[in-house]
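Colleague: I'd like to ask some things about the structure below.
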Amino acid sequence: MTQTFVTKEASSRSLQPHDLTHQVMVGNVALGAGAPVSVQSMLNVPADDVSANLSQIDALAQAGCEIVRMAIPCRSCLDAFEQVCARSPLPVVADIHFDAQSAIEAAQRGAAKLRINPGNIGGLEATDAVLAAAKAARIPIRIGVNAGSLDDEIAARADLTLPEKLVASAEQYVRYCQSQGFDDLVVSAKAHDVMTTVETYRLLGDRLPEVPLHIGVTEAGTAFQGTIKSAAGLGILLAEGRGDTMRISLTDDPVQEVRACWTLLGALDIRRRNPELISCPTCGRCQVNLIDLAKTVESRIAELDKPLKVAVMGCVVNGPGEAADADIGVACGAGSGVIFSHGEIVRKVDEDAIVDALMEEIGKL
Ligand code: SF4
């Protein structure tokens, strides 16, 4: 059944673009109006397993996740959801489809935000009840539209491109919420195709400049392809200054999503949380096992909460320069490496002592 969410008043109203989005709070994390782009992910263990969800939240928090989303596929999962919310160190977003009553109860039982698709939440009356519950709980709502679940009327319009359909769908929901006096909104409109996603968010930002954007390429695939597709799409958007919170969706452990988000933010110099590895691709000049060396260093520094640059270089051609430029670095020679700290040579060690020597020097910073 097609639902129309645009009231007469809302459809005739045109908001003026302005510089600042309306900031919303997801627990203690601010979205929009100049707040840092926040990193989020989604739990993928059974929704009724409290300890499994809390364990996954701990792992995500350790990796730098700032907001976590939990699916609520049935009302019987709400007890577990409430316990997870009560004990989670991160704000927990309730992800709900098809059942407005679950959304209402999630708001009452600790959700820091609701994620709904008003196209499947049960009509205007149900939407109004969810808005009222969110308002009472003083939590925001994300209007999440996906290319795979557009409402029938908009999906059938031959005069619109897919990005225009996604934006029209999101906009009518947002305008309806605003017409009901609910402004604590976040919006997403995702597709699995990279350039469709980019074009959609550009249009969305232009049409709804007051609403914080949750950006992501949906159903991006397994870790390798998904990371590249997400980096391509989100990289363009972030470089253009679009996006207030992000998720990199991977068919993998959600901790990998968080690492990918931080790596992308760091690569764009937007936010940096962990060390960045600078390592050469190796060539015929290299006289150490640099590939293993770089991978070992990468895994040893992955959990460090320091935004350092660590260089692992294979020979004297570019090695000393890059190693000296980084906070900590090694320029390798024949079975050995010269360790640099802030541009100064601090020691020379054998190949099998390079990793420990780098970690020791990092520990001194
Ligand atoms: S730093 Fe040396 S070993 Fe590494 S790619 Fe460059 S020339 Fe080759």
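By order of appearance in the structure tokens: chains A, B, ..., then residues from 1 within every chain, and ligands from 1 in the order shown.
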Could you list, as a ChimeraX atom specification, all the residues within 12 Å of ligand 1, counting only C-alpha atoms and all ligand atoms?

Modeller: /A:278-291,294,311-323,330-334

Colleague: Extract, using only C-alpha atoms, all DNA, RNA and protein residues at most 7 Å from Lys348 in chain A, discarding same-chain residues fewer than 4 positions from it, and format them as a VMD selection string.

Modeller: chain A and resid 337 to 339

Colleague: Could the residues in this selection be saved with N, CA, C and O atoms as a JSON list (two decimals), in the first residue's frame?

Modeller:
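Output saved as part_39.json:
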```json
[["chain", "number", "residue", "atom", "x", "y", "z"],
["A", 337, "GLY", "N", 67.70, -2.66, 10.04],
["A", 337, "GLY", "CA", 66.92, -1.45, 9.88],
["A", 337, "GLY", "C", 67.42, -0.33, 10.78],
["A", 337, "GLY", "O", 67.87, -0.58, 11.90],
["A", 338, "VAL", "N", 67.36, 0.90, 10.25],
["A", 338, "VAL", "CA", 67.72, 2.07, 11.04],
["A", 338, "VAL", "C", 66.42, 2.69, 11.55],
["A", 338, "VAL", "O", 65.51, 3.00, 10.76],
["A", 339, "ILE", "N", 66.30, 2.83, 12.86],
["A", 339, "ILE", "CA", 65.07, 3.34, 13.48],
["A", 339, "ILE", "C", 65.18, 4.85, 13.67],
["A", 339, "ILE", "O", 66.19, 5.35, 14.19]]
```

Colleague: Identify, on the basis of only C-alpha atoms, every residue whose closest approach to Ala61 in chain A does not exceed 8 Å; exclude the query and any residue fewer than 5 positions from it along the same chain; express the result as a list in words.

Modeller: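 Within the cut-off, the hits are Glu66, Pro89 and Leu90 of chain A.
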
Colleague: Quick check, in Å to one decimal: how far apart do CA of Leu166 in chain A and CA of Gly243 in chain A lie?

Modeller: 16.5 Å

Colleague: So which one's closest to Gly34 in chain A, A:Gly343, A:Ala232, A:Val93, A:Asp244? Using only C-alpha atoms, please.

Modeller: A:Asp244

Colleague: Name the closest residue to Ala100 in chain A among the candidates A:Pro46, A:Gly123, A:Pro275, A:Gly216; distances are taken between atoms, counting only C-alpha atoms.

Modeller: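 Using only C-alpha atoms, the shortest distance to Ala100 in chain A belongs to A:Gly123.
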
Colleague: As a PyMOL selection string, which residues of range 41-228 of chain A does DSSP assign to alpha helix (DSSP H)?

Modeller: chain A and resi 50-63+78-87+100-108+124-137+152-155+162-179+194-207+223-228

Colleague: Pick out the closest residue to Lys306 in chain A from this set: A:Asn274, A:Thr197, A:Ser169, A:Thr161. Count only C-alpha atoms.

Modeller: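 Ranked by minimum distance to Lys306 in chain A, first place goes to A:Asn274.
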
Colleague: Using backbone DSSP assignments, extract all strand (DSSP E or B) residues from range 97-343 of chain A; output them as an MDAnalysis selection string.

Modeller: chainID A and resid 113:116 141:146 185:190 213:215 245:246 276:279 309:313 328:332 336:341

Colleague: With C-alpha atoms retained, write the just-selected residues as a PDB file, in the first residue's frame.

Modeller:
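The resulting file, part_12.pdb, is shown below:
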```pdb
ATOM      1  CA  LYS A 113      17.823   7.095  18.770  1.00  0.00           C
ATOM      2  CA  LEU A 114      15.288   5.315  16.590  1.00  0.00           C
ATOM      3  CA  ARG A 115      15.992   4.290  13.033  1.00  0.00           C
ATOM      4  CA  ILE A 116      12.787   3.775  11.094  1.00  0.00           C
ATOM      5  CA  ILE A 141      14.882   9.654  14.788  1.00  0.00           C
ATOM      6  CA  ARG A 142      16.778   8.655  11.685  1.00  0.00           C
ATOM      7  CA  ILE A 143      14.663   8.486   8.592  1.00  0.00           C
ATOM      8  CA  GLY A 144      16.406   5.728   6.670  1.00  0.00           C
ATOM      9  CA  VAL A 145      15.438   5.230   3.038  1.00  0.00           C
ATOM     10  CA  ASN A 146      16.981   2.510   0.900  1.00  0.00           C
ATOM     11  CA  LEU A 185      15.923  14.190  12.665  1.00  0.00           C
ATOM     12  CA  VAL A 186      18.792  12.507  10.887  1.00  0.00           C
ATOM     13  CA  VAL A 187      18.390  11.279   7.337  1.00  0.00           C
ATOM     14  CA  SER A 188      19.962   8.602   5.193  1.00  0.00           C
ATOM     15  CA  ALA A 189      19.182   7.485   1.645  1.00  0.00           C
ATOM     16  CA  LYS A 190      21.431   4.667   0.576  1.00  0.00           C
ATOM     17  CA  LEU A 213      23.253  13.219   7.188  1.00  0.00           C
ATOM     18  CA  HIS A 214      24.026   9.615   8.053  1.00  0.00           C
ATOM     19  CA  ILE A 215      26.132   8.520   5.071  1.00  0.00           C
ATOM     20  CA  THR A 245      27.863  10.349  10.893  1.00  0.00           C
ATOM     21  CA  MET A 246      28.999   7.365   8.863  1.00  0.00           C
ATOM     22  CA  GLU A 276      48.746   5.505  10.228  1.00  0.00           C
ATOM     23  CA  LEU A 277      51.126   3.048   8.590  1.00  0.00           C
ATOM     24  CA  ILE A 278      53.280   4.367   5.766  1.00  0.00           C
ATOM     25  CA  SER A 279      54.923   1.426   4.034  1.00  0.00           C
ATOM     26  CA  LYS A 309      52.529   8.156  11.600  1.00  0.00           C
ATOM     27  CA  VAL A 310      54.689   5.019  11.496  1.00  0.00           C
ATOM     28  CA  ALA A 311      56.858   4.405   8.415  1.00  0.00           C
ATOM     29  CA  VAL A 312      58.152   0.967   7.382  1.00  0.00           C
ATOM     30  CA  MET A 313      60.385   1.377   4.351  1.00  0.00           C
ATOM     31  CA  ILE A 328      58.522   6.775  14.140  1.00  0.00           C
ATOM     32  CA  GLY A 329      60.059   4.939  11.209  1.00  0.00           C
ATOM     33  CA  VAL A 330      62.435   2.321   9.985  1.00  0.00           C
ATOM     34  CA  ALA A 331      64.535   2.427   6.839  1.00  0.00           C
ATOM     35  CA  CYS A 332      65.718  -1.093   6.088  1.00  0.00           C
ATOM     36  CA  SER A 336      68.725  -4.721   9.278  1.00  0.00           C
ATOM     37  CA  GLY A 337      66.916  -1.448   9.883  1.00  0.00           C
ATOM     38  CA  VAL A 338      67.716   2.074  11.040  1.00  0.00           C
ATOM     39  CA  ILE A 339      65.069   3.337  13.479  1.00  0.00           C
ATOM     40  CA  PHE A 340      64.036   7.004  13.400  1.00  0.00           C
ATOM     41  CA  SER A 341      62.114   8.931  16.049  1.00  0.00           C
TER      42      SER A 341
END
```

Colleague: Select, from A:Asn120, A:Ser76, A:Ser102, A:Ser249, the residue with the minimum atom-to-atom distance to Leu234 in chain A, counting only C-alpha atoms.

Modeller: A:Ser249

Colleague: Quick one: of A:Ala94, A:Ala267, A:Ala63, A:Met42, who's nearest to Glu303 in chain A, counting only C-alpha atoms?

Modeller: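 Using only C-alpha atoms, the shortest distance to Glu303 in chain A belongs to A:Ala63.
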
Colleague: Neighbouring residues of Arg242 in chain A were defined as those with any atom within 8 Å, considering only C-alpha atoms; residues of the same chain fewer than 5 positions away were excluded. Please report them as a PyMOL selection string.

Modeller: chain A and resi 201-202+205+213+237

Colleague: For range 20-27 of chain A, list every protein, DNA or RNA residue within 8 Å, evaluated using only C-alpha atoms, and leave out those in the same chain fewer than 5 positions away; present the list as a ChimeraX atom specification.

Modeller: /A:32-34,67,90-91,112-113,139-140,183-186,209-212

Colleague: Residues of the last selection are to be written out with C-alpha atoms, as an mmCIF file, in the first residue's frame.

Modeller:
```
data_model
loop_
_atom_site.group_PDB
_atom_site.id
_atom_site.type_symbol
_atom_site.label_atom_id
_atom_site.label_comp_id
_atom_site.auth_asym_id
_atom_site.auth_seq_id
_atom_site.Cartn_x
_atom_site.Cartn_y
_atom_site.Cartn_z
ATOM 1 C CA GLY A 32 25.449 18.060 12.830
ATOM 2 C CA ALA A 33 26.218 21.759 13.179
ATOM 3 C CA GLY A 34 29.969 21.327 13.105
ATOM 4 C CA ILE A 67 27.254 4.891 18.174
ATOM 5 C CA LEU A 90 27.872 3.422 23.769
ATOM 6 C CA PRO A 91 24.535 4.978 22.823
ATOM 7 C CA ALA A 112 19.338 6.728 22.235
ATOM 8 C CA LYS A 113 17.823 7.095 18.770
ATOM 9 C CA ILE A 139 15.624 11.188 21.388
ATOM 10 C CA PRO A 140 16.125 11.776 17.652
ATOM 11 C CA ASP A 183 12.738 18.345 14.202
ATOM 12 C CA ASP A 184 15.288 16.056 15.871
ATOM 13 C CA LEU A 185 15.923 14.190 12.665
ATOM 14 C CA VAL A 186 18.792 12.507 10.887
ATOM 15 C CA PRO A 209 20.425 21.334 4.599
ATOM 16 C CA GLU A 210 18.978 21.506 8.097
ATOM 17 C CA VAL A 211 19.042 17.748 8.672
ATOM 18 C CA PRO A 212 22.239 15.884 9.695
#
```

Colleague: Could you please determine the separation between CA of His97 in chain A and CA of Thr127 in chain A in Å, to one decimal place?

Modeller: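 If I compute the distance from CA of His97 in chain A to CA of Thr127 in chain A, I get 11.7 Å.
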
Colleague: Do you have the CA of Asp128 in chain A-CA of Ala30 in chain A distance handy?

Modeller: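 Distance reported for this atom pair: 24.7 Å.
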